[in-house]
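Here is the file target_0.cif (mmCIF, C-alpha atoms and all ligand atoms).
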data_start
#
loop_
_atom_site.group_PDB
_atom_site.id
_atom_site.type_symbol
_atom_site.label_atom_id
_atom_site.label_comp_id
_atom_site.auth_asym_id
_atom_site.auth_seq_id
_atom_site.Cartn_x
_atom_site.Cartn_y
_atom_site.Cartn_z
ATOM 1 C CA MET J 29 2.091 -2.884 28.436
ATOM 2 C CA VAL J 30 1.951 -6.640 27.910
ATOM 3 C CA ARG J 31 -0.047 -8.284 25.211
ATOM 4 C CA ALA J 32 -1.069 -11.715 26.452
ATOM 5 C CA GLY J 33 -1.437 -13.983 23.452
ATOM 6 C CA LYS J 34 -3.943 -16.826 23.716
ATOM 7 C CA MET J 35 -1.063 -19.272 23.426
ATOM 8 C CA GLY J 36 0.707 -17.799 26.404
ATOM 9 C CA HIS J 37 3.580 -16.220 24.440
ATOM 10 C CA ASP J 38 3.528 -12.817 26.083
ATOM 11 C CA MET J 39 5.412 -10.218 24.162
ATOM 12 C CA LYS J 40 6.032 -6.948 25.935
ATOM 13 C CA LEU J 41 5.234 -3.985 23.701
ATOM 14 C CA ARG J 42 7.828 -1.214 23.414
ATOM 15 C CA PRO J 43 7.498 2.483 22.654
ATOM 16 C CA LEU J 44 8.374 3.292 19.041
ATOM 17 C CA GLY J 45 10.699 6.121 20.056
ATOM 18 C CA SER J 46 8.693 9.129 21.171
ATOM 19 C CA SER J 47 5.846 8.567 18.687
ATOM 20 C CA GLY J 48 3.352 7.445 21.342
ATOM 21 C CA ILE J 49 2.894 4.137 19.489
ATOM 22 C CA ASP J 50 3.711 0.799 21.173
ATOM 23 C CA VAL J 51 4.912 -2.111 19.049
ATOM 24 C CA SER J 52 5.992 -5.702 19.574
ATOM 25 C CA PRO J 53 9.754 -6.376 19.335
ATOM 26 C CA LEU J 54 8.988 -8.882 16.566
ATOM 27 C CA GLY J 55 7.022 -7.472 13.635
ATOM 28 C CA LEU J 56 5.568 -9.209 10.604
ATOM 29 C CA GLY J 57 6.808 -8.363 7.114
ATOM 30 C CA THR J 58 4.258 -8.966 4.389
ATOM 31 C CA VAL J 59 6.094 -8.911 1.053
ATOM 32 C CA LYS J 60 5.444 -12.633 0.642
ATOM 33 C CA ILE J 61 1.652 -12.376 0.994
ATOM 34 C CA GLY J 62 1.495 -9.999 -1.977
ATOM 35 C CA ARG J 63 4.384 -10.484 -4.336
ATOM 36 C CA ASN J 64 6.687 -13.252 -5.564
ATOM 37 C CA GLN J 65 8.397 -11.504 -8.478
ATOM 38 C CA GLN J 66 11.755 -9.706 -8.228
ATOM 39 C CA VAL J 67 12.355 -10.791 -4.607
ATOM 40 C CA ARG J 68 15.649 -11.973 -3.147
ATOM 41 C CA TYR J 69 14.657 -14.973 -1.063
ATOM 42 C CA PRO J 70 16.565 -18.277 -1.097
ATOM 43 C CA GLN J 71 13.653 -20.161 -2.711
ATOM 44 C CA GLY J 72 10.776 -19.310 -5.015
ATOM 45 C CA PHE J 73 7.339 -19.562 -3.416
ATOM 46 C CA ASP J 74 3.609 -19.399 -4.143
ATOM 47 C CA ILE J 75 1.671 -16.499 -2.666
ATOM 48 C CA PRO J 76 -0.498 -18.044 0.096
ATOM 49 C CA ASP J 77 -4.281 -18.163 -0.390
ATOM 50 C CA ASP J 78 -6.742 -16.261 1.826
ATOM 51 C CA ALA J 79 -7.221 -19.115 4.301
ATOM 52 C CA ARG J 80 -3.468 -19.415 4.882
ATOM 53 C CA VAL J 81 -3.000 -15.653 5.234
ATOM 54 C CA SER J 82 -5.885 -15.456 7.738
ATOM 55 C CA GLU J 83 -4.397 -18.316 9.727
ATOM 56 C CA LEU J 84 -0.985 -16.616 9.717
ATOM 57 C CA LEU J 85 -2.413 -13.286 10.907
ATOM 58 C CA GLU J 86 -4.449 -14.971 13.688
ATOM 59 C CA LEU J 87 -1.331 -16.817 14.782
ATOM 60 C CA ALA J 88 0.693 -13.583 14.843
ATOM 61 C CA LEU J 89 -1.895 -11.973 17.126
ATOM 62 C CA ASP J 90 -1.954 -15.048 19.368
ATOM 63 C CA LEU J 91 1.824 -14.878 19.658
ATOM 64 C CA GLY J 92 1.632 -11.232 20.731
ATOM 65 C CA ILE J 93 2.788 -9.665 17.445
ATOM 66 C CA ASN J 94 0.952 -6.364 16.882
ATOM 67 C CA PHE J 95 3.249 -4.701 14.324
ATOM 68 C CA ILE J 96 2.852 -5.255 10.608
ATOM 69 C CA ASP J 97 4.976 -3.888 7.785
ATOM 70 C CA THR J 98 3.585 -3.455 4.293
ATOM 71 C CA ALA J 99 4.017 -1.224 1.253
ATOM 72 C CA PRO J 100 2.304 -0.377 -2.027
ATOM 73 C CA ALA J 101 5.337 -1.987 -3.673
ATOM 74 C CA TYR J 102 4.502 -5.362 -2.076
ATOM 75 C CA GLY J 103 1.930 -6.275 -4.747
ATOM 76 C CA SER J 104 -1.468 -7.116 -3.223
ATOM 77 C CA SER J 105 -0.177 -7.001 0.379
ATOM 78 C CA GLU J 106 -2.016 -3.843 1.512
ATOM 79 C CA TRP J 107 -5.277 -4.875 -0.133
ATOM 80 C CA ARG J 108 -5.147 -8.358 1.381
ATOM 81 C CA LEU J 109 -4.442 -6.936 4.840
ATOM 82 C CA GLY J 110 -7.478 -4.669 4.430
ATOM 83 C CA GLN J 111 -9.595 -7.722 3.611
ATOM 84 C CA LEU J 112 -8.126 -10.273 6.003
ATOM 85 C CA LEU J 113 -6.630 -8.595 9.070
ATOM 86 C CA PRO J 114 -8.425 -9.973 12.138
ATOM 87 C CA HIS J 115 -9.166 -7.516 14.974
ATOM 88 C CA ALA J 116 -8.024 -4.682 12.714
ATOM 89 C CA ARG J 117 -7.894 -2.118 15.527
ATOM 90 C CA ASP J 118 -5.343 -4.153 17.495
ATOM 91 C CA TRP J 119 -2.625 -3.761 14.890
ATOM 92 C CA VAL J 120 -0.010 -1.100 14.345
ATOM 93 C CA ILE J 121 0.346 -0.844 10.564
ATOM 94 C CA MET J 122 3.405 0.597 8.896
ATOM 95 C CA THR J 123 3.287 1.275 5.160
ATOM 96 C CA LYS J 124 5.424 3.249 2.709
ATOM 97 C CA VAL J 125 5.410 5.735 -0.134
ATOM 98 C CA GLY J 126 7.684 6.332 -3.105
ATOM 99 C CA GLU J 127 8.189 2.910 -4.669
ATOM 100 C CA ILE J 128 5.688 1.700 -7.232
ATOM 101 C CA PHE J 129 5.901 -1.928 -8.409
ATOM 102 C CA GLU J 130 4.103 -2.463 -11.704
ATOM 103 C CA ASN J 131 4.441 -5.104 -14.433
ATOM 104 C CA GLY J 132 7.301 -6.760 -12.588
ATOM 105 C CA GLN J 133 9.342 -3.556 -12.235
ATOM 106 C CA SER J 134 9.932 -0.865 -9.601
ATOM 107 C CA ARG J 135 9.865 2.851 -10.261
ATOM 108 C CA PHE J 136 10.082 5.698 -7.780
ATOM 109 C CA ASP J 137 8.138 8.935 -7.283
ATOM 110 C CA PHE J 138 8.867 11.137 -4.267
ATOM 111 C CA SER J 139 6.751 14.111 -5.341
ATOM 112 C CA ALA J 140 4.187 15.754 -3.036
ATOM 113 C CA ARG J 141 1.358 14.793 -5.373
ATOM 114 C CA HIS J 142 2.303 11.126 -5.540
ATOM 115 C CA THR J 143 2.978 10.965 -1.785
ATOM 116 C CA ARG J 144 -0.490 12.260 -0.925
ATOM 117 C CA GLN J 145 -2.226 10.057 -3.503
ATOM 118 C CA SER J 146 -0.259 7.023 -2.343
ATOM 119 C CA VAL J 147 -1.185 7.449 1.327
ATOM 120 C CA GLU J 148 -4.835 8.041 0.394
ATOM 121 C CA HIS J 149 -4.747 4.867 -1.721
ATOM 122 C CA SER J 150 -3.126 2.912 1.137
ATOM 123 C CA LEU J 151 -5.879 4.063 3.508
ATOM 124 C CA LYS J 152 -8.507 2.715 1.094
ATOM 125 C CA GLN J 153 -6.659 -0.567 0.582
ATOM 126 C CA LEU J 154 -6.136 -1.019 4.317
ATOM 127 C CA ARG J 155 -9.705 0.168 5.087
ATOM 128 C CA ARG J 156 -8.480 2.690 7.634
ATOM 129 C CA ASP J 157 -9.172 6.376 8.361
ATOM 130 C CA TRP J 158 -5.534 6.891 9.357
ATOM 131 C CA VAL J 159 -2.347 4.848 9.249
ATOM 132 C CA ASP J 160 0.055 4.453 12.165
ATOM 133 C CA VAL J 161 3.417 4.803 10.396
ATOM 134 C CA VAL J 162 4.348 5.828 6.855
ATOM 135 C CA LEU J 163 7.936 5.577 5.629
ATOM 136 C CA VAL J 164 9.465 6.925 2.467
ATOM 137 C CA HIS J 165 10.682 3.846 0.582
ATOM 138 C CA SER J 166 14.169 4.957 -0.437
ATOM 139 C CA ASP J 167 15.640 3.988 -3.799
ATOM 140 C CA GLY J 168 19.114 4.267 -2.242
ATOM 141 C CA ASN J 169 19.624 7.999 -2.868
ATOM 142 C CA ASP J 170 18.584 8.966 0.660
ATOM 143 C CA MET J 171 20.120 12.444 0.756
ATOM 144 C CA ASP J 172 18.775 13.361 -2.666
ATOM 145 C CA ILE J 173 15.250 12.436 -1.534
ATOM 146 C CA ILE J 174 15.758 14.351 1.719
ATOM 147 C CA ASN J 175 17.173 17.477 0.071
ATOM 148 C CA ASN J 176 15.322 17.626 -3.217
ATOM 149 C CA ALA J 177 11.972 15.818 -2.946
ATOM 150 C CA GLU J 178 8.734 16.743 -1.198
ATOM 151 C CA ALA J 179 7.797 13.336 0.224
ATOM 152 C CA LEU J 180 8.903 13.982 3.809
ATOM 153 C CA GLU J 181 7.308 17.413 4.125
ATOM 154 C CA THR J 182 4.091 15.996 2.638
ATOM 155 C CA LEU J 183 4.060 13.235 5.252
ATOM 156 C CA GLU J 184 4.660 15.817 7.982
ATOM 157 C CA ARG J 185 1.640 17.757 6.722
ATOM 158 C CA MET J 186 -0.461 14.574 6.623
ATOM 159 C CA LYS J 187 0.589 13.890 10.198
ATOM 160 C CA GLN J 188 -0.678 17.337 11.191
ATOM 161 C CA GLU J 189 -3.930 16.508 9.368
ATOM 162 C CA GLY J 190 -4.303 13.324 11.455
ATOM 163 C CA LEU J 191 -3.987 10.916 8.509
ATOM 164 C CA VAL J 192 -0.611 9.588 9.649
ATOM 165 C CA ARG J 193 0.490 9.112 13.273
ATOM 166 C CA ALA J 194 4.244 8.884 12.691
ATOM 167 C CA PHE J 195 6.543 9.087 9.690
ATOM 168 C CA GLY J 196 10.142 8.518 8.621
ATOM 169 C CA MET J 197 12.126 6.660 5.990
ATOM 170 C CA SER J 198 13.385 3.210 5.145
ATOM 171 C CA THR J 199 16.947 4.283 4.439
ATOM 172 C CA LYS J 200 19.996 2.736 2.821
ATOM 173 C CA THR J 201 22.819 5.046 3.941
ATOM 174 C CA VAL J 202 24.267 6.138 7.269
ATOM 175 C CA GLU J 203 24.042 9.825 6.360
ATOM 176 C CA GLY J 204 20.397 9.482 5.327
ATOM 177 C CA GLY J 205 19.524 7.344 8.335
ATOM 178 C CA CYS J 206 21.066 9.838 10.777
ATOM 179 C CA TRP J 207 19.224 12.748 9.133
ATOM 180 C CA ILE J 208 15.944 10.846 9.418
ATOM 181 C CA VAL J 209 16.595 10.072 13.086
ATOM 182 C CA GLU J 210 17.233 13.748 13.787
ATOM 183 C CA HIS J 211 14.198 15.095 11.920
ATOM 184 C CA THR J 212 11.428 12.458 11.924
ATOM 185 C CA ASP J 213 9.855 9.784 14.156
ATOM 186 C CA VAL J 214 11.039 6.434 12.773
ATOM 187 C CA VAL J 215 13.885 4.971 10.747
ATOM 188 C CA MET J 216 13.901 1.547 9.112
ATOM 189 C CA ALA J 217 17.474 0.321 8.812
ATOM 190 C CA THR J 218 19.265 -2.815 7.694
ATOM 191 C CA TYR J 219 21.101 -4.578 10.497
ATOM 192 C CA ASN J 220 22.241 -8.193 10.617
ATOM 193 C CA LEU J 221 25.196 -10.480 11.304
ATOM 194 C CA GLU J 222 26.761 -9.660 7.938
ATOM 195 C CA ASN J 223 25.984 -5.952 7.822
ATOM 196 C CA ASN J 224 26.711 -3.551 10.679
ATOM 197 C CA THR J 225 27.175 -0.501 8.442
ATOM 198 C CA GLU J 226 24.075 1.297 9.739
ATOM 199 C CA LEU J 227 24.916 0.822 13.430
ATOM 200 C CA PRO J 228 25.654 4.581 13.865
ATOM 201 C CA VAL J 229 22.031 5.256 12.857
ATOM 202 C CA ILE J 230 20.752 2.909 15.577
ATOM 203 C CA LYS J 231 23.049 4.457 18.173
ATOM 204 C CA LEU J 232 21.936 7.998 17.305
ATOM 205 C CA ALA J 233 18.289 6.933 17.478
ATOM 206 C CA GLN J 234 18.853 5.496 20.935
ATOM 207 C CA LYS J 235 20.378 8.790 22.062
ATOM 208 C CA LEU J 236 17.504 10.837 20.620
ATOM 209 C CA ASN J 237 14.765 8.353 21.617
ATOM 210 C CA LYS J 238 13.560 7.664 18.074
ATOM 211 C CA GLY J 239 12.006 4.479 16.735
ATOM 212 C CA VAL J 240 14.275 1.960 14.983
ATOM 213 C CA VAL J 241 12.738 -0.808 12.908
ATOM 214 C CA VAL J 242 15.200 -3.350 11.566
ATOM 215 C CA LYS J 243 14.734 -4.894 8.121
ATOM 216 C CA LYS J 244 16.606 -7.904 6.710
ATOM 217 C CA GLY J 245 17.615 -9.074 10.220
ATOM 218 C CA LEU J 246 17.634 -12.665 8.923
ATOM 219 C CA GLN J 247 19.472 -11.563 5.743
ATOM 220 C CA SER J 248 16.273 -12.182 3.762
ATOM 221 C CA GLY J 249 16.362 -15.828 4.842
ATOM 222 C CA HIS J 250 20.091 -16.348 4.219
ATOM 223 C CA ALA J 251 21.177 -16.176 7.889
ATOM 224 C CA ALA J 252 23.278 -19.206 8.792
ATOM 225 C CA SER J 253 21.776 -19.361 12.301
ATOM 226 C CA VAL J 254 18.333 -17.869 12.951
ATOM 227 C CA GLU J 255 18.862 -17.918 16.720
ATOM 228 C CA HIS J 256 22.202 -16.138 16.399
ATOM 229 C CA ALA J 257 20.698 -13.566 13.999
ATOM 230 C CA PHE J 258 17.838 -12.735 16.375
ATOM 231 C CA ARG J 259 20.209 -12.467 19.308
ATOM 232 C CA HIS J 260 22.470 -10.077 17.366
ATOM 233 C CA VAL J 261 19.610 -7.733 16.402
ATOM 234 C CA LEU J 262 17.441 -7.823 19.518
ATOM 235 C CA MET J 263 20.309 -7.390 21.951
ATOM 236 C CA GLN J 264 21.492 -4.253 20.155
ATOM 237 C CA PRO J 265 20.451 -1.250 22.288
ATOM 238 C CA GLY J 266 18.370 1.211 20.288
ATOM 239 C CA VAL J 267 16.527 -1.408 18.205
ATOM 240 C CA THR J 268 12.786 -1.147 18.801
ATOM 241 C CA SER J 269 11.489 -3.920 16.584
ATOM 242 C CA MET J 270 12.721 -6.446 14.051
ATOM 243 C CA ILE J 271 10.468 -7.034 11.061
ATOM 244 C CA VAL J 272 10.648 -10.614 9.840
ATOM 245 C CA GLY J 273 8.892 -11.660 6.681
ATOM 246 C CA THR J 274 7.458 -15.168 6.900
ATOM 247 C CA ILE J 275 4.591 -17.128 5.415
ATOM 248 C CA SER J 276 5.419 -20.212 7.473
ATOM 249 C CA PRO J 277 3.437 -20.713 10.712
ATOM 250 C CA ASP J 278 6.222 -22.969 12.025
ATOM 251 C CA HIS J 279 8.845 -20.278 11.416
ATOM 252 C CA MET J 280 6.614 -17.658 13.017
ATOM 253 C CA ARG J 281 6.155 -19.781 16.149
ATOM 254 C CA ALA J 282 9.885 -20.500 16.329
ATOM 255 C CA ASN J 283 10.765 -16.820 15.825
ATOM 256 C CA ALA J 284 8.396 -15.700 18.599
ATOM 257 C CA GLU J 285 9.885 -18.311 20.950
ATOM 258 C CA ILE J 286 13.448 -17.173 20.163
ATOM 259 C CA CYS J 287 12.467 -13.525 20.628
ATOM 260 C CA LYS J 288 10.896 -14.227 23.967
ATOM 261 C CA ARG J 289 13.921 -16.179 25.138
ATOM 262 C CA VAL J 290 16.441 -13.554 23.987
ATOM 263 C CA LEU J 291 14.491 -10.665 25.497
ATOM 264 C CA ALA J 292 14.054 -12.494 28.808
ATOM 265 C CA GLN J 293 17.857 -12.525 29.027
ATOM 266 C CA THR J 294 18.292 -8.821 28.258
ATOM 267 C CA VAL J 295 16.094 -7.413 31.081
HETATM 268 P P1 LIG J 301 14.047 -11.301 6.470
HETATM 269 O O1 LIG J 301 12.933 -11.026 7.383
HETATM 270 O O2 LIG J 301 15.448 -11.132 6.920
HETATM 271 O O3 LIG J 301 13.876 -12.792 5.913
HETATM 272 C C1 LIG J 301 12.678 -13.298 5.474
HETATM 273 C C2 LIG J 301 12.967 -14.696 4.976
HETATM 274 O O4 LIG J 301 13.409 -15.474 6.066
HETATM 275 C C3 LIG J 301 11.772 -15.380 4.366
HETATM 276 O O5 LIG J 301 12.128 -15.977 3.144
HETATM 277 C C4 LIG J 301 11.413 -16.442 5.394
HETATM 278 O O6 LIG J 301 10.956 -17.624 4.777
HETATM 279 C C5 LIG J 301 12.704 -16.698 6.105
HETATM 280 N N1 LIG J 301 12.519 -17.046 7.521
HETATM 281 C C6 LIG J 301 11.789 -16.409 8.451
HETATM 282 N N2 LIG J 301 11.863 -17.046 9.642
HETATM 283 C C7 LIG J 301 12.655 -18.138 9.437
HETATM 284 C C8 LIG J 301 13.082 -19.216 10.268
HETATM 285 N N3 LIG J 301 12.724 -19.280 11.571
HETATM 286 N N4 LIG J 301 13.879 -20.157 9.730
HETATM 287 C C9 LIG J 301 14.256 -20.109 8.429
HETATM 288 N N5 LIG J 301 13.872 -19.117 7.579
HETATM 289 C C10 LIG J 301 13.068 -18.143 8.085
HETATM 290 O O7 LIG J 301 14.015 -10.466 5.105
HETATM 291 P P2 LIG J 301 13.072 -9.611 4.254
HETATM 292 O O8 LIG J 301 11.785 -10.294 3.938
HETATM 293 O O9 LIG J 301 13.915 -9.143 3.144
HETATM 294 O O10 LIG J 301 12.751 -8.413 5.201
HETATM 295 C C11 LIG J 301 11.720 -8.524 6.177
HETATM 296 C C12 LIG J 301 10.634 -7.528 5.958
HETATM 297 O O11 LIG J 301 11.224 -6.213 5.962
HETATM 298 C C13 LIG J 301 9.912 -7.656 4.617
HETATM 299 O O12 LIG J 301 8.815 -8.555 4.677
HETATM 300 C C14 LIG J 301 9.471 -6.237 4.432
HETATM 301 O O13 LIG J 301 8.261 -6.049 5.144
HETATM 302 C C15 LIG J 301 10.596 -5.441 5.030
HETATM 303 N N6 LIG J 301 11.580 -4.967 4.045
HETATM 304 C C16 LIG J 301 11.588 -3.699 3.764
HETATM 305 C C17 LIG J 301 12.464 -3.214 2.861
HETATM 306 C C18 LIG J 301 12.458 -1.767 2.585
HETATM 307 O O14 LIG J 301 13.230 -1.279 1.769
HETATM 308 N N7 LIG J 301 11.652 -1.051 3.257
HETATM 309 C C19 LIG J 301 13.367 -4.022 2.204
HETATM 310 C C20 LIG J 301 13.346 -5.334 2.524
HETATM 311 C C21 LIG J 301 12.458 -5.778 3.443
HETATM 312 P P3 LIG J 301 9.559 -18.342 5.237
HETATM 313 O O15 LIG J 301 8.453 -17.545 4.625
HETATM 314 O O16 LIG J 301 9.703 -19.717 4.670
HETATM 315 O O17 LIG J 301 9.541 -18.310 6.736
#

Starting from the file, lay out its structure as structure tokens.
Ligand code: NAP
Amino acid sequence: MVRAGKMGHDMKLRPLGSSGIDVSPLGLGTVKIGRNQQVRYPQGFDIPDDARVSELLELALDLGINFIDTAPAYGSSEWRLGQLLPHARDWVIMTKVGEIFENGQSRFDFSARHTRQSVEHSLKQLRRDWVDVVLVHSDGNDMDIINNAEALETLERMKQEGLVRAFGMSTKTVEGGCWIVEHTDVVMATYNLENNTELPVIKLAQKLNKGVVVKKGLQSGHAASVEHAFRHVLMQPGVTSMIVGTISPDHMRANAEICKRVLAQTV
């Protein structure tokens, strides 16, 4: 399937593993539209106003980006997407459960009760009857969450109920990532020029045809060469999509151009 953006930047959608969901190889991260405290970007920034967010989202659609990553822990991000997302049905939305960001601090709750309440809250914020992908937002103790918490089984139940189309975890360890690949639909893993630790997770996902979404591909803005960073991530077999957080239209245009160029060379 090809999404033809108005600006002519076609971006071929790819299957997110065997979930039945098709996503663009470049996705949009939305931390910066909802939160500017306790973030690890090179420079401080102001959260963009509604007009700038609307412009950014329109531009993403025009460039062929259909995949958006958000989370309750990203401040007002989910709520703003619910208010401002143009052509809401055209987007694949991925959100998370488990991390709560309040009064400038994160806390974690992976209980069944919190998981269900969190997804229900996300649906209200996003103004949706169901959400495409929900990931458990790991605090770093992946295996403890997997073995001892109820978040994953609650998401599986919510998938059966039709409230969630696919689920998985944003992991921080190889062991946790591999478990998630074996037992769920999608893993979100860190992969960039400085950090190849989670490569075994990506390779296993390729073998088992599961979705791999890469976070921090540009090292949260610290990558020495953006072009080189994109090439490294997108040319890695098994990677479905790279989520890049940007509030700059110029960066978004440049990133889409690089993506298109790199992918044209890999087919
Ligand atoms: P990232 O995508 O590696 O980097 C984002 C940073 O790169 C922003 O500060 C952005 O600044 C800058 N940038 C983007 N394009 C650029 C370009 N062409 N040239 C120069 N700088 C550029 O890192 P991230 O935000 O940490 O991660 C991306 C997304 O992944 C987040 O938005 C979030 O959705 C998700 N994430 C998830 C988790 C998790 O645990 N689940 C953790 C981290 C991130 P400008 O705004 O100025 O473009």

Point to revise | Distance criterion (all atoms listed in the file): nearest to J:Asp160 out of J:Gly205, J:Gly126, J:Gly48, J:Gly132 | key: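 So, comparing all the options, the nearest one is J:Gly48.
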
Check your understanding: Evaluating the PyMOL selection byres (((chain J and resi 162) around 12) and not hetatm) on the displayed file yields which residues, as a ChimeraX atom specification?
Key -> /J:96-100,120-126,143-144,146-148,150-151,158-161,163-165,179-180,182-184,186-187,191-198,212-216

Check your understanding: Can I get the residues close to ligand LIG 301 (chain J) as a PyMOL selection string, where close means within 8 Å and we count only C-alpha atoms and all ligand atoms?
Key -> chain J and resi 56-60+68-71+96-99+124+163+165-166+198-200+216+242-251+254+271-280+282-283

Could you write out the selected residues, including C-alpha atoms, as a PDB file, in the coordinates of the input?
ATOM      1  CA  LEU J  56       5.568  -9.209  10.604  1.00  0.00           C
ATOM      2  CA  GLY J  57       6.808  -8.363   7.114  1.00  0.00           C
ATOM      3  CA  THR J  58       4.258  -8.966   4.389  1.00  0.00           C
ATOM      4  CA  VAL J  59       6.094  -8.911   1.053  1.00  0.00           C
ATOM      5  CA  LYS J  60       5.444 -12.633   0.642  1.00  0.00           C
ATOM      6  CA  ARG J  68      15.649 -11.973  -3.147  1.00  0.00           C
ATOM      7  CA  TYR J  69      14.657 -14.973  -1.063  1.00  0.00           C
ATOM      8  CA  PRO J  70      16.565 -18.277  -1.097  1.00  0.00           C
ATOM      9  CA  GLN J  71      13.653 -20.161  -2.711  1.00  0.00           C
ATOM     10  CA  ILE J  96       2.852  -5.255  10.608  1.00  0.00           C
ATOM     11  CA  ASP J  97       4.976  -3.888   7.785  1.00  0.00           C
ATOM     12  CA  THR J  98       3.585  -3.455   4.293  1.00  0.00           C
ATOM     13  CA  ALA J  99       4.017  -1.224   1.253  1.00  0.00           C
ATOM     14  CA  LYS J 124       5.424   3.249   2.709  1.00  0.00           C
ATOM     15  CA  LEU J 163       7.936   5.577   5.629  1.00  0.00           C
ATOM     16  CA  HIS J 165      10.682   3.846   0.582  1.00  0.00           C
ATOM     17  CA  SER J 166      14.169   4.957  -0.437  1.00  0.00           C
ATOM     18  CA  SER J 198      13.385   3.210   5.145  1.00  0.00           C
ATOM     19  CA  THR J 199      16.947   4.283   4.439  1.00  0.00           C
ATOM     20  CA  LYS J 200      19.996   2.736   2.821  1.00  0.00           C
ATOM     21  CA  MET J 216      13.901   1.547   9.112  1.00  0.00           C
ATOM     22  CA  VAL J 242      15.200  -3.350  11.566  1.00  0.00           C
ATOM     23  CA  LYS J 243      14.734  -4.894   8.121  1.00  0.00           C
ATOM     24  CA  LYS J 244      16.606  -7.904   6.710  1.00  0.00           C
ATOM     25  CA  GLY J 245      17.615  -9.074  10.220  1.00  0.00           C
ATOM     26  CA  LEU J 246      17.634 -12.665   8.923  1.00  0.00           C
ATOM     27  CA  GLN J 247      19.472 -11.563   5.743  1.00  0.00           C
ATOM     28  CA  SER J 248      16.273 -12.182   3.762  1.00  0.00           C
ATOM     29  CA  GLY J 249      16.362 -15.828   4.842  1.00  0.00           C
ATOM     30  CA  HIS J 250      20.091 -16.348   4.219  1.00  0.00           C
ATOM     31  CA  ALA J 251      21.177 -16.176   7.889  1.00  0.00           C
ATOM     32  CA  VAL J 254      18.333 -17.869  12.951  1.00  0.00           C
ATOM     33  CA  ILE J 271      10.468  -7.034  11.061  1.00  0.00           C
ATOM     34  CA  VAL J 272      10.648 -10.614   9.840  1.00  0.00           C
ATOM     35  CA  GLY J 273       8.892 -11.660   6.681  1.00  0.00           C
ATOM     36  CA  THR J 274       7.458 -15.168   6.900  1.00  0.00           C
ATOM     37  CA  ILE J 275       4.591 -17.128   5.415  1.00  0.00           C
ATOM     38  CA  SER J 276       5.419 -20.212   7.473  1.00  0.00           C
ATOM     39  CA  PRO J 277       3.437 -20.713  10.712  1.00  0.00           C
ATOM     40  CA  ASP J 278       6.222 -22.969  12.025  1.00  0.00           C
ATOM     41  CA  HIS J 279       8.845 -20.278  11.416  1.00  0.00           C
ATOM     42  CA  MET J 280       6.614 -17.658  13.017  1.00  0.00           C
ATOM     43  CA  ALA J 282       9.885 -20.500  16.329  1.00  0.00           C
ATOM     44  CA  ASN J 283      10.765 -16.820  15.825  1.00  0.00           C
TER      45      ASN J 283
END

Exercise for review: Spell out the residues picked by the PyMOL selection byres (((chain J and resi 102-108) around 6) and not hetatm) here, as a PyMOL selection string.
Suggested key: chain J and resi 59+61-63+99-101+109-112+153-154

Exercise for review: Rounded to one decimal place, report the atom CA of J:Leu91-atom CA of J:Arg117 distance in Å.
Suggested key: 16.6 Å
